[in-house]
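A.B. asks: Next comes data21.pdb, PDB, C-alpha atoms and all ligand atoms:
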```
ATOM      1  CA  MET A 803    -101.194-113.770  -5.572
ATOM      2  CA  SER A 804     -99.680-115.177  -2.430
ATOM      3  CA  SER A 805    -101.019-117.936  -0.195
ATOM      4  CA  ILE A 806    -102.367-117.456   3.292
ATOM      5  CA  VAL A 807    -100.088-119.285   5.732
ATOM      6  CA  ALA A 808    -101.290-120.575   9.088
ATOM      7  CA  PRO A 809     -98.557-122.216  11.195
ATOM      8  CA  SER A 810     -99.969-124.942  13.428
ATOM      9  CA  ILE A 811     -99.000-124.243  17.041
ATOM     10  CA  LEU A 812     -99.306-127.948  17.891
ATOM     11  CA  SER A 813     -95.736-128.386  16.619
ATOM     12  CA  ALA A 814     -94.377-125.529  18.755
ATOM     13  CA  ASP A 815     -92.238-125.914  21.879
ATOM     14  CA  PHE A 816     -94.781-126.048  24.722
ATOM     15  CA  GLY A 817     -91.955-125.614  27.214
ATOM     16  CA  ASN A 818     -91.396-122.154  25.785
ATOM     17  CA  LEU A 819     -94.540-121.145  23.966
ATOM     18  CA  ALA A 820     -93.875-117.440  24.463
ATOM     19  CA  LYS A 821     -90.719-117.726  22.347
ATOM     20  CA  ASP A 822     -92.533-119.430  19.459
ATOM     21  CA  ILE A 823     -95.416-116.954  19.591
ATOM     22  CA  SER A 824     -92.970-114.077  19.493
ATOM     23  CA  MET A 825     -91.298-115.746  16.468
ATOM     24  CA  LEU A 826     -94.735-115.881  14.769
ATOM     25  CA  ASN A 827     -95.546-112.275  15.735
ATOM     26  CA  SER A 828     -92.464-111.061  13.880
ATOM     27  CA  SER A 829     -93.065-113.357  10.881
ATOM     28  CA  ASN A 830     -95.141-113.032   7.719
ATOM     29  CA  ALA A 831     -97.575-115.716   8.908
ATOM     30  CA  ASP A 832    -101.200-114.669   8.495
ATOM     31  CA  TRP A 833    -103.010-116.663  11.174
ATOM     32  CA  ILE A 834    -102.096-119.051  13.993
ATOM     33  CA  HIS A 835    -103.687-122.469  13.510
ATOM     34  CA  ILE A 836    -104.981-123.881  16.807
ATOM     35  CA  ASP A 837    -105.670-127.640  16.909
ATOM     36  CA  VAL A 838    -108.139-128.556  19.637
ATOM     37  CA  MET A 839    -108.431-132.328  20.245
ATOM     38  CA  ASP A 840    -110.706-134.002  22.772
ATOM     39  CA  GLY A 841    -109.505-137.626  22.890
ATOM     40  CA  ASN A 842    -112.949-138.698  21.687
ATOM     41  CA  TYR A 843    -113.444-137.470  18.138
ATOM     42  CA  VAL A 844    -109.721-138.033  17.543
ATOM     43  CA  PRO A 845    -107.346-140.408  19.372
ATOM     44  CA  ASN A 846    -105.346-137.609  20.989
ATOM     45  CA  ILE A 847    -105.812-134.755  23.467
ATOM     46  CA  SER A 848    -104.006-131.505  22.685
ATOM     47  CA  PHE A 849    -104.817-128.498  24.885
ATOM     48  CA  GLY A 850    -107.773-126.467  26.053
ATOM     49  CA  MET A 851    -108.850-123.007  27.092
ATOM     50  CA  PRO A 852    -106.055-122.025  29.533
ATOM     51  CA  VAL A 853    -103.447-122.598  26.842
ATOM     52  CA  ILE A 854    -105.484-120.834  24.151
ATOM     53  CA  ASP A 855    -106.115-117.895  26.525
ATOM     54  CA  TYR A 856    -102.352-117.572  26.827
ATOM     55  CA  ILE A 857    -101.676-117.869  23.082
ATOM     56  CA  ASP A 858    -104.400-115.307  22.346
ATOM     57  CA  SER A 859    -103.031-112.865  24.902
ATOM     58  CA  LEU A 860     -99.508-112.970  23.431
ATOM     59  CA  SER A 861    -100.324-113.205  19.748
ATOM     60  CA  ASN A 862    -100.748-110.288  17.376
ATOM     61  CA  LYS A 863    -102.081-112.657  14.692
ATOM     62  CA  PRO A 864    -105.708-113.793  14.504
ATOM     63  CA  LEU A 865    -106.523-117.378  15.452
ATOM     64  CA  ASP A 866    -107.622-120.074  13.023
ATOM     65  CA  ILE A 867    -109.255-122.554  15.389
ATOM     66  CA  HIS A 868    -109.666-126.147  14.196
ATOM     67  CA  LEU A 869    -111.987-128.090  16.478
ATOM     68  CA  MET A 870    -111.390-131.834  16.404
ATOM     69  CA  ILE A 871    -114.003-132.475  19.049
ATOM     70  CA  SER A 872    -117.326-134.313  19.214
ATOM     71  CA  LYS A 873    -120.456-132.149  19.244
ATOM     72  CA  PRO A 874    -118.500-128.924  18.620
ATOM     73  CA  GLU A 875    -121.733-126.868  18.922
ATOM     74  CA  ARG A 876    -121.332-127.101  22.728
ATOM     75  CA  TYR A 877    -118.300-124.802  22.666
ATOM     76  CA  ILE A 878    -118.855-122.401  19.762
ATOM     77  CA  GLU A 879    -119.562-119.386  21.978
ATOM     78  CA  ARG A 880    -116.410-119.946  24.000
ATOM     79  CA  PHE A 881    -114.119-120.184  20.968
ATOM     80  CA  LEU A 882    -115.593-117.031  19.478
ATOM     81  CA  ASP A 883    -114.401-115.040  22.483
ATOM     82  CA  TYR A 884    -110.835-114.961  21.184
ATOM     83  CA  ASN A 885    -109.357-112.880  18.384
ATOM     84  CA  THR A 886    -110.816-115.575  16.124
ATOM     85  CA  LYS A 887    -110.535-115.218  12.363
ATOM     86  CA  VAL A 888    -111.840-118.691  11.491
ATOM     87  CA  LEU A 889    -113.684-121.302  13.515
ATOM     88  CA  THR A 890    -113.712-124.731  11.886
ATOM     89  CA  VAL A 891    -115.768-127.772  12.882
ATOM     90  CA  HIS A 892    -115.660-131.252  11.381
ATOM     91  CA  LEU A 893    -118.449-132.299   9.055
ATOM     92  CA  GLU A 894    -118.246-135.789  10.554
ATOM     93  CA  ALA A 895    -118.616-134.504  14.142
ATOM     94  CA  SER A 896    -121.540-132.095  13.705
ATOM     95  CA  LYS A 897    -125.201-133.041  13.764
ATOM     96  CA  HIS A 898    -126.710-129.703  12.754
ATOM     97  CA  LEU A 899    -123.877-128.295  10.701
ATOM     98  CA  HIS A 900    -125.934-125.558   9.032
ATOM     99  CA  ARG A 901    -127.057-124.182  12.396
ATOM    100  CA  THR A 902    -123.495-124.196  13.746
ATOM    101  CA  ILE A 903    -122.173-122.412  10.659
ATOM    102  CA  GLU A 904    -124.857-119.743  10.890
ATOM    103  CA  GLU A 905    -124.017-119.202  14.558
ATOM    104  CA  ILE A 906    -120.322-118.681  13.784
ATOM    105  CA  LYS A 907    -121.062-116.296  10.911
ATOM    106  CA  SER A 908    -123.541-114.291  12.981
ATOM    107  CA  ARG A 909    -120.585-113.233  15.132
ATOM    108  CA  GLY A 910    -118.616-111.967  12.129
ATOM    109  CA  VAL A 911    -116.153-114.871  12.155
ATOM    110  CA  MET A 912    -115.349-117.036   9.125
ATOM    111  CA  ALA A 913    -117.077-120.417   9.369
ATOM    112  CA  GLY A 914    -115.006-123.418   8.329
ATOM    113  CA  VAL A 915    -115.872-127.066   7.749
ATOM    114  CA  ALA A 916    -113.152-129.714   7.886
ATOM    115  CA  ILE A 917    -113.378-133.052   6.106
ATOM    116  CA  ASN A 918    -111.354-136.183   6.780
ATOM    117  CA  PRO A 919    -109.313-137.975   4.097
ATOM    118  CA  HIS A 920    -112.063-140.579   3.552
ATOM    119  CA  THR A 921    -114.885-138.042   3.174
ATOM    120  CA  ASP A 922    -116.012-137.318  -0.387
ATOM    121  CA  VAL A 923    -116.096-133.597  -1.208
ATOM    122  CA  ASN A 924    -119.615-134.108  -2.602
ATOM    123  CA  HIS A 925    -120.855-134.382   0.988
ATOM    124  CA  LEU A 926    -120.331-130.618   1.057
ATOM    125  CA  SER A 927    -122.530-129.861  -1.919
ATOM    126  CA  GLU A 928    -125.581-128.633   0.056
ATOM    127  CA  ILE A 929    -123.510-126.485   2.420
ATOM    128  CA  ILE A 930    -120.718-125.153   0.232
ATOM    129  CA  LYS A 931    -122.449-121.816  -0.474
ATOM    130  CA  ASP A 932    -122.862-121.171   3.245
ATOM    131  CA  VAL A 933    -119.323-121.822   4.431
ATOM    132  CA  ASP A 934    -116.364-119.458   4.176
ATOM    133  CA  LEU A 935    -113.649-122.112   4.250
ATOM    134  CA  VAL A 936    -113.222-125.849   3.747
ATOM    135  CA  CYS A 937    -110.338-127.426   5.630
ATOM    136  CA  LEU A 938    -109.331-130.420   3.588
ATOM    137  CA  MET A 939    -107.457-132.829   5.841
ATOM    138  CA  SER A 940    -104.433-134.278   4.072
ATOM    139  CA  VAL A 941    -103.640-136.540   7.051
ATOM    140  CA  ASN A 942    -105.941-138.287   9.499
ATOM    141  CA  PRO A 943    -106.656-135.736  12.231
ATOM    142  CA  GLY A 944    -105.073-136.299  15.621
ATOM    143  CA  PHE A 945    -101.333-135.762  15.287
ATOM    144  CA  SER A 946     -98.803-133.409  13.774
ATOM    145  CA  GLY A 947     -95.828-134.664  11.786
ATOM    146  CA  GLN A 948     -97.697-137.274   9.729
ATOM    147  CA  LYS A 949     -97.110-138.134   6.093
ATOM    148  CA  PHE A 950     -99.097-136.196   3.494
ATOM    149  CA  ILE A 951    -101.774-138.316   1.755
ATOM    150  CA  GLU A 952    -101.207-138.018  -2.015
ATOM    151  CA  ASN A 953    -104.891-138.408  -2.872
ATOM    152  CA  SER A 954    -105.352-134.910  -1.458
ATOM    153  CA  PHE A 955    -104.034-133.380  -4.714
ATOM    154  CA  SER A 956    -106.997-134.597  -6.749
ATOM    155  CA  LYS A 957    -109.369-133.911  -3.876
ATOM    156  CA  VAL A 958    -108.406-130.214  -3.907
ATOM    157  CA  LYS A 959    -109.207-130.131  -7.629
ATOM    158  CA  LYS A 960    -112.596-131.790  -7.052
ATOM    159  CA  LEU A 961    -113.381-129.342  -4.279
ATOM    160  CA  LYS A 962    -112.391-126.375  -6.452
ATOM    161  CA  ASN A 963    -114.753-127.609  -9.166
ATOM    162  CA  LEU A 964    -117.579-127.965  -6.677
ATOM    163  CA  ILE A 965    -116.973-124.412  -5.421
ATOM    164  CA  LEU A 966    -117.015-123.027  -8.976
ATOM    165  CA  THR A 967    -120.081-125.048 -10.001
ATOM    166  CA  LYS A 968    -122.027-123.921  -6.945
ATOM    167  CA  LYS A 969    -120.760-120.322  -7.298
ATOM    168  CA  SER A 970    -119.506-120.371  -3.723
ATOM    169  CA  LYS A 971    -116.998-117.859  -2.346
ATOM    170  CA  CYS A 972    -115.535-120.486  -0.029
ATOM    171  CA  GLU A 973    -111.740-120.775   0.269
ATOM    172  CA  ILE A 974    -109.743-123.999   0.367
ATOM    173  CA  GLN A 975    -107.395-124.768   3.243
ATOM    174  CA  VAL A 976    -105.133-127.821   3.279
ATOM    175  CA  ASP A 977    -104.018-129.232   6.631
ATOM    176  CA  GLY A 978    -101.545-132.025   7.350
ATOM    177  CA  GLY A 979     -98.053-132.863   6.131
ATOM    178  CA  VAL A 980     -97.817-129.672   4.062
ATOM    179  CA  ASN A 981     -94.317-128.624   2.935
ATOM    180  CA  ILE A 982     -92.720-126.733   0.072
ATOM    181  CA  LYS A 983     -92.674-129.872  -2.114
ATOM    182  CA  ASN A 984     -96.410-130.547  -2.066
ATOM    183  CA  ALA A 985     -97.624-126.967  -1.534
ATOM    184  CA  LYS A 986     -96.964-125.887  -5.127
ATOM    185  CA  GLU A 987     -99.274-128.503  -6.599
ATOM    186  CA  LEU A 988    -101.863-127.868  -3.900
ATOM    187  CA  VAL A 989    -101.974-124.173  -4.770
ATOM    188  CA  LYS A 990    -102.002-124.941  -8.490
ATOM    189  CA  ASN A 991    -105.040-127.160  -7.904
ATOM    190  CA  GLY A 992    -106.902-124.445  -6.007
ATOM    191  CA  ALA A 993    -105.692-124.285  -2.390
ATOM    192  CA  GLU A 994    -105.551-120.767  -0.942
ATOM    193  CA  ILE A 995    -104.628-121.414   2.685
ATOM    194  CA  LEU A 996    -101.741-123.607   3.821
ATOM    195  CA  VAL A 997    -101.472-124.976   7.352
ATOM    196  CA  ALA A 998     -98.047-126.268   8.333
ATOM    197  CA  GLY A 999     -96.756-127.519  11.660
ATOM    198  CA  ASN A1000     -93.588-129.570  11.541
ATOM    199  CA  TYR A1001     -92.349-127.989   8.324
ATOM    200  CA  ILE A1002     -92.187-124.609  10.085
ATOM    201  CA  PHE A1003     -91.473-125.336  13.757
ATOM    202  CA  LYS A1004     -88.917-128.124  13.287
ATOM    203  CA  SER A1005     -86.868-125.955  10.961
ATOM    204  CA  ASN A1006     -83.777-123.961  11.941
ATOM    205  CA  ASN A1007     -85.233-121.004  10.095
ATOM    206  CA  PRO A1008     -89.032-120.876  10.583
ATOM    207  CA  HIS A1009     -89.324-117.369   9.080
ATOM    208  CA  GLU A1010     -87.749-118.594   5.861
ATOM    209  CA  LYS A1011     -90.164-121.568   5.667
ATOM    210  CA  ILE A1012     -93.126-119.268   6.202
ATOM    211  CA  ASN A1013     -91.866-116.960   3.445
ATOM    212  CA  LEU A1014     -91.352-119.877   1.058
ATOM    213  CA  LEU A1015     -94.959-121.008   1.538
ATOM    214  CA  LYS A1016     -96.279-117.478   1.258
ATOM    215  CA  LYS A1017     -94.506-116.891  -2.051
ATOM    216  CA  ILE A1018     -96.271-119.780  -3.807
TER     217      ILE A1018
HETATM  218  C1  LIG B   1    -103.663-132.699  12.520
HETATM  219  C2  LIG B   1    -103.756-131.203  12.710
HETATM  220  C3  LIG B   1    -102.798-130.434  11.846
HETATM  221  C4  LIG B   1    -101.349-130.665  12.204
HETATM  222  C5  LIG B   1    -100.435-130.102  11.146
HETATM  223  O1  LIG B   1    -104.642-133.310  13.268
HETATM  224  O2  LIG B   1    -105.060-130.769  12.384
HETATM  225  O3  LIG B   1    -103.099-129.042  11.894
HETATM  226  O4  LIG B   1    -101.021-130.089  13.455
HETATM  227  O5  LIG B   1     -99.113-130.425  11.434
HETATM  228  P1  LIG B   1     -98.114-131.003  10.316
HETATM  229  O6  LIG B   1     -97.964-129.919   9.307
HETATM  230  O7  LIG B   1     -96.869-131.306  11.071
HETATM  231  O8  LIG B   1     -98.772-132.229   9.720
HETATM  232 ZN    ZN B   2    -105.425-128.592  12.099
END
```
Could you show the structure in this file as structure tokens?
Ligand code: DX5
Ligand code: ZN
C.D. replies:
Amino acid sequence: MSSIVAPSILSADFGNLAKDISMLNSSNADWIHIDVMDGNYVPNISFGMPVIDYIDSLSNKPLDIHLMISKPERYIERFLDYNTKVLTVHLEASKHLHRTIEEIKSRGVMAGVAINPHTDVNHLSEIIKDVDLVCLMSVNPGFSGQKFIENSFSKVKKLKNLILTKKSKCEIQVDGGVNIKNAKELVKNGAEILVAGNYIFKSNNPHEKINLLKKI
């Protein structure tokens, strides 16, 4: 079985996005990971709708949209208008998480919940059967190119156990500082979807990096 790979566009060259999207279109990447940051929930602002409109229009891959914004329920409708495969909101940023998840699923899109490095996976226990994906943050959200937090290895295991215990069909995504060195153990522990930014875009051979992650 091979992993699902979602390159994070935040590490792309924004001076020539078309080139990087064309590189992804001809690659074996499965989804394009879109990091939306509002400067409130996280200490950084990334990009908004005009940029995502452009990415969506050029991409032949579905979008995996990761909302790092406060009160994400305000914008669910808008983000579902794209060729969206997954729409992920943060557990810590959502007041009525169950309602938001149901809204996403009602439009036939996978509903994801992201949790920060300090959040115990047990906080997901009452929602795990309802979500399609958990995005386990292996860095503090806000920036690409950060160092992978080692505690994430055991957290993936804990999350996998919770999923099995609760008989959930939810898939595990790991996001932040992922590379070929840590990806093997992540997959061994139960991760199915790998997000990678710097590891792919800062390489001289992004296709090769994508293939290496896919083969795990
Ligand atoms: C962090 C973002 C990540 C990040 C991944 O806030 O959610 O998706 O862009 O980039 P790397 O792989 O460089 O850590
Ligand atoms: Zn992300």
A.B. asks: With only C-alpha atoms as the atoms that count, which of A:Phe945, A:Tyr877, A:Phe816, A:Tyr884 lies nearest to A:Val844?
C.D. replies: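 Closest residue, counting only C-alpha atoms: A:Phe945.
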A.B. asks: Within 12 Å of A:Ser829, counting all atoms listed in the file, which residues qualify if same-chain residues fewer than 6 places away don't, as a list in words?
C.D. replies: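 Residues meeting the cut-off are Val807, Ala808, Pro809, Asp822, Ile823, Ser861, Asn862, Lys863, Ile1002, Asn1007, Pro1008, His1009, Glu1010, Lys1011, Ile1012, Asn1013, Leu1014 and Lys1016 of chain A.
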A.B. asks: To one decimal place, how far is atom CA of A:Ser927 from atom CA of A:Ser896 in Å?
C.D. replies: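 Pair atom CA of A:Ser927 / atom CA of A:Ser896 returns 15.8 Å.
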A.B. asks: Please extract the residues at most 6 Å from ligand ZN 2 (chain B), counting all atoms listed in the file, and provide them as a PyMOL selection string, using the chain letters and residue numbers of this document.
C.D. replies: chain A and resi 837+868+977
A.B. asks: Identify which of the residues A:Ser970, A:Asn1000, A:Asn984, A:Ser1005 lies closest to ligand LIG 1 (chain B), counting all atoms listed in the file when measuring atom-to-atom distances.
C.D. replies: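 Nearest to ligand LIG 1 (chain B): A:Asn1000.
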A.B. asks: Between A:Ile847, A:Val976, A:Leu935, A:Ile857, which has the minimum distance to A:Asn827 (counting only C-alpha atoms)?
C.D. replies: A:Ile857
A.B. asks: Counting all atoms listed in the file, what are the residues of chain A within 9 Å of ligand LIG 1 (chain B), and for each of them which pair of atoms is the nearest and at what distance in Å, to one decimal? Sort the table by chain and rising number, as a Markdown table.
C.D. replies:
```
| residue | atom | partner | partner_atom | distance |
| --- | --- | --- | --- | --- |
| A:Pro809 | CA | B:LIG1 | O6 | 8.0 |
| A:Ser810 | CA | B:LIG1 | O4 | 5.3 |
| A:Ile811 | CA | B:LIG1 | O4 | 7.1 |
| A:Leu812 | CA | B:LIG1 | O4 | 5.2 |
| A:Ser813 | CA | B:LIG1 | O7 | 6.4 |
| A:His835 | CA | B:LIG1 | O3 | 6.8 |
| A:Ile836 | CA | B:LIG1 | O3 | 7.4 |
| A:Asp837 | CA | B:LIG1 | O2 | 5.5 |
| A:Val838 | CA | B:LIG1 | O2 | 8.2 |
| A:Met839 | CA | B:LIG1 | O1 | 8.0 |
| A:Val844 | CA | B:LIG1 | O1 | 8.1 |
| A:Asn846 | CA | B:LIG1 | O1 | 8.9 |
| A:His868 | CA | B:LIG1 | O2 | 6.8 |
| A:Leu869 | CA | B:LIG1 | O2 | 8.5 |
| A:Met870 | CA | B:LIG1 | O2 | 7.6 |
| A:Met939 | CA | B:LIG1 | O2 | 7.3 |
| A:Ser940 | CA | B:LIG1 | O8 | 8.3 |
| A:Val941 | CA | B:LIG1 | C1 | 6.7 |
| A:Asn942 | CA | B:LIG1 | O1 | 6.4 |
| A:Pro943 | CA | B:LIG1 | O1 | 3.3 |
| A:Gly944 | CA | B:LIG1 | O1 | 3.8 |
| A:Phe945 | CA | B:LIG1 | O1 | 4.6 |
| A:Ser946 | CA | B:LIG1 | O5 | 3.8 |
| A:Gly947 | CA | B:LIG1 | O7 | 3.6 |
| A:Gln948 | CA | B:LIG1 | O8 | 5.2 |
| A:Lys949 | CA | B:LIG1 | O8 | 7.1 |
| A:Phe950 | CA | B:LIG1 | O8 | 7.4 |
| A:Val976 | CA | B:LIG1 | O3 | 8.9 |
| A:Asp977 | CA | B:LIG1 | O3 | 5.3 |
| A:Gly978 | CA | B:LIG1 | O8 | 3.7 |
| A:Gly979 | CA | B:LIG1 | O8 | 3.7 |
| A:Val980 | CA | B:LIG1 | O6 | 5.3 |
| A:Asn981 | CA | B:LIG1 | O6 | 7.5 |
| A:Val997 | CA | B:LIG1 | O3 | 6.3 |
| A:Ala998 | CA | B:LIG1 | O6 | 3.8 |
| A:Gly999 | CA | B:LIG1 | O6 | 3.6 |
| A:Asn1000 | CA | B:LIG1 | O7 | 3.7 |
| A:Tyr1001 | CA | B:LIG1 | O6 | 6.0 |
| A:Ile1002 | CA | B:LIG1 | O6 | 7.9 |
| A:Phe1003 | CA | B:LIG1 | O7 | 8.5 |
| A:Lys1004 | CA | B:LIG1 | O7 | 8.8 |
```
A.B. asks: Next, write the just-selected residues to a file, as a compact mmCIF listing (two decimals), in the frame of the given file, keeping C-alpha atoms as the atom set.
C.D. replies:
```txt
# COMPACT_ATOMS: atom_id res chain seq x y z
CA PRO A 809 -98.56 -122.22 11.20
CA SER A 810 -99.97 -124.94 13.43
CA ILE A 811 -99.00 -124.24 17.04
CA LEU A 812 -99.31 -127.95 17.89
CA SER A 813 -95.74 -128.39 16.62
CA HIS A 835 -103.69 -122.47 13.51
CA ILE A 836 -104.98 -123.88 16.81
CA ASP A 837 -105.67 -127.64 16.91
CA VAL A 838 -108.14 -128.56 19.64
CA MET A 839 -108.43 -132.33 20.24
CA VAL A 844 -109.72 -138.03 17.54
CA ASN A 846 -105.35 -137.61 20.99
CA HIS A 868 -109.67 -126.15 14.20
CA LEU A 869 -111.99 -128.09 16.48
CA MET A 870 -111.39 -131.83 16.40
CA MET A 939 -107.46 -132.83 5.84
CA SER A 940 -104.43 -134.28 4.07
CA VAL A 941 -103.64 -136.54 7.05
CA ASN A 942 -105.94 -138.29 9.50
CA PRO A 943 -106.66 -135.74 12.23
CA GLY A 944 -105.07 -136.30 15.62
CA PHE A 945 -101.33 -135.76 15.29
CA SER A 946 -98.80 -133.41 13.77
CA GLY A 947 -95.83 -134.66 11.79
CA GLN A 948 -97.70 -137.27 9.73
CA LYS A 949 -97.11 -138.13 6.09
CA PHE A 950 -99.10 -136.20 3.49
CA VAL A 976 -105.13 -127.82 3.28
CA ASP A 977 -104.02 -129.23 6.63
CA GLY A 978 -101.54 -132.02 7.35
CA GLY A 979 -98.05 -132.86 6.13
CA VAL A 980 -97.82 -129.67 4.06
CA ASN A 981 -94.32 -128.62 2.94
CA VAL A 997 -101.47 -124.98 7.35
CA ALA A 998 -98.05 -126.27 8.33
CA GLY A 999 -96.76 -127.52 11.66
CA ASN A 1000 -93.59 -129.57 11.54
CA TYR A 1001 -92.35 -127.99 8.32
CA ILE A 1002 -92.19 -124.61 10.09
CA PHE A 1003 -91.47 -125.34 13.76
CA LYS A 1004 -88.92 -128.12 13.29
```
A.B. asks: I'd like the contact shell of A:Asn842 - 7 Å cut-off, only C-alpha atoms, skipping same-chain residues fewer than 2 positions apart - returned as a list in words.
C.D. replies: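 Answer for this query is Asp840, Val844, Pro845, Ile871 and Ser872 of chain A.
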A.B. asks: Give me the residues near A:Lys962 as number ranges by chain, where near means some atom within 10 Å (using only C-alpha atoms) and where sequence neighbours in that chain fewer than 2 positions away do not count.
C.D. replies: A: 923, 956-960, 964-968, 970, 972-974, 991-993
A.B. asks: Considering all atoms listed in the file, can you say which of A:Leu889, A:Phe955, A:Asp858, A:Cys937 comes closest to A:Ile995?
C.D. replies: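 Among the listed residues, the smallest separation from A:Ile995 belongs to A:Cys937.
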A.B. asks: By how many Å are atom CA of A:Ser859 and atom CA of A:Lys1017 apart?
C.D. replies: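 Atom CA of A:Lys1017 lies 28.6 Å from atom CA of A:Ser859.
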A.B. asks: Measuring between only C-alpha atoms, which one of A:Arg880, A:Lys821, A:His920, A:Lys887 shows the shortest distance to A:Asp855?
C.D. replies: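 Checking each of A:Arg880, A:Lys821, A:His920, A:Lys887 against A:Asp855, counting only C-alpha atoms, the winner is A:Arg880.
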A.B. asks: Can you tell me how far atom CA of A:Val915 sits from atom CA of A:Val888, in Å to one decimal?
C.D. replies: 10.0 Å
A.B. asks: Name the closest residue to A:Thr890 among the candidates A:Leu938, A:Ala831, A:Leu860, A:Ile951; distances are taken between atoms, counting all atoms listed in the file.
C.D. replies: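 Nearest to A:Thr890: A:Leu938.
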A.B. asks: If you apply the PyMOL selection byres (((chain A and resi 929) around 12) and not hetatm) to this file, what residues do you get, as number ranges by chain?
C.D. replies: A: 893, 898-904, 913-915, 923-928, 930-936, 964-965, 968-972
A.B. asks: Every residue with an atom at most 9 Å from (-116.5, -116.4, 14.8) (file coordinates; all atoms listed in the file) is what I'm after, so could you write them as a list of chain:residue names?
C.D. replies: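 Within the cut-off we find A:Ile878, A:Glu879, A:Phe881, A:Leu882, A:Asp883, A:Tyr884, A:Asn885, A:Thr886, A:Lys887, A:Val888, A:Leu889, A:Glu905, A:Ile906, A:Lys907, A:Ser908, A:Arg909, A:Gly910, A:Val911, A:Met912, A:Ala913.
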A.B. asks: Now that the selection is made, can you save its residues with C-alpha atoms as a PDB file, in the frame of the given file?
C.D. replies:
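Output below, filename out_37.pdb:
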```pdb
ATOM      1  CA  ILE A 878    -118.855-122.401  19.762  1.00  0.00           C
ATOM      2  CA  GLU A 879    -119.562-119.386  21.978  1.00  0.00           C
ATOM      3  CA  PHE A 881    -114.119-120.184  20.968  1.00  0.00           C
ATOM      4  CA  LEU A 882    -115.593-117.031  19.478  1.00  0.00           C
ATOM      5  CA  ASP A 883    -114.401-115.040  22.483  1.00  0.00           C
ATOM      6  CA  TYR A 884    -110.835-114.961  21.184  1.00  0.00           C
ATOM      7  CA  ASN A 885    -109.357-112.880  18.384  1.00  0.00           C
ATOM      8  CA  THR A 886    -110.816-115.575  16.124  1.00  0.00           C
ATOM      9  CA  LYS A 887    -110.535-115.218  12.363  1.00  0.00           C
ATOM     10  CA  VAL A 888    -111.840-118.691  11.491  1.00  0.00           C
ATOM     11  CA  LEU A 889    -113.684-121.302  13.515  1.00  0.00           C
ATOM     12  CA  GLU A 905    -124.017-119.202  14.558  1.00  0.00           C
ATOM     13  CA  ILE A 906    -120.322-118.681  13.784  1.00  0.00           C
ATOM     14  CA  LYS A 907    -121.062-116.296  10.911  1.00  0.00           C
ATOM     15  CA  SER A 908    -123.541-114.291  12.981  1.00  0.00           C
ATOM     16  CA  ARG A 909    -120.585-113.233  15.132  1.00  0.00           C
ATOM     17  CA  GLY A 910    -118.616-111.967  12.129  1.00  0.00           C
ATOM     18  CA  VAL A 911    -116.153-114.871  12.155  1.00  0.00           C
ATOM     19  CA  MET A 912    -115.349-117.036   9.125  1.00  0.00           C
ATOM     20  CA  ALA A 913    -117.077-120.417   9.369  1.00  0.00           C
TER      21      ALA A 913
END
```
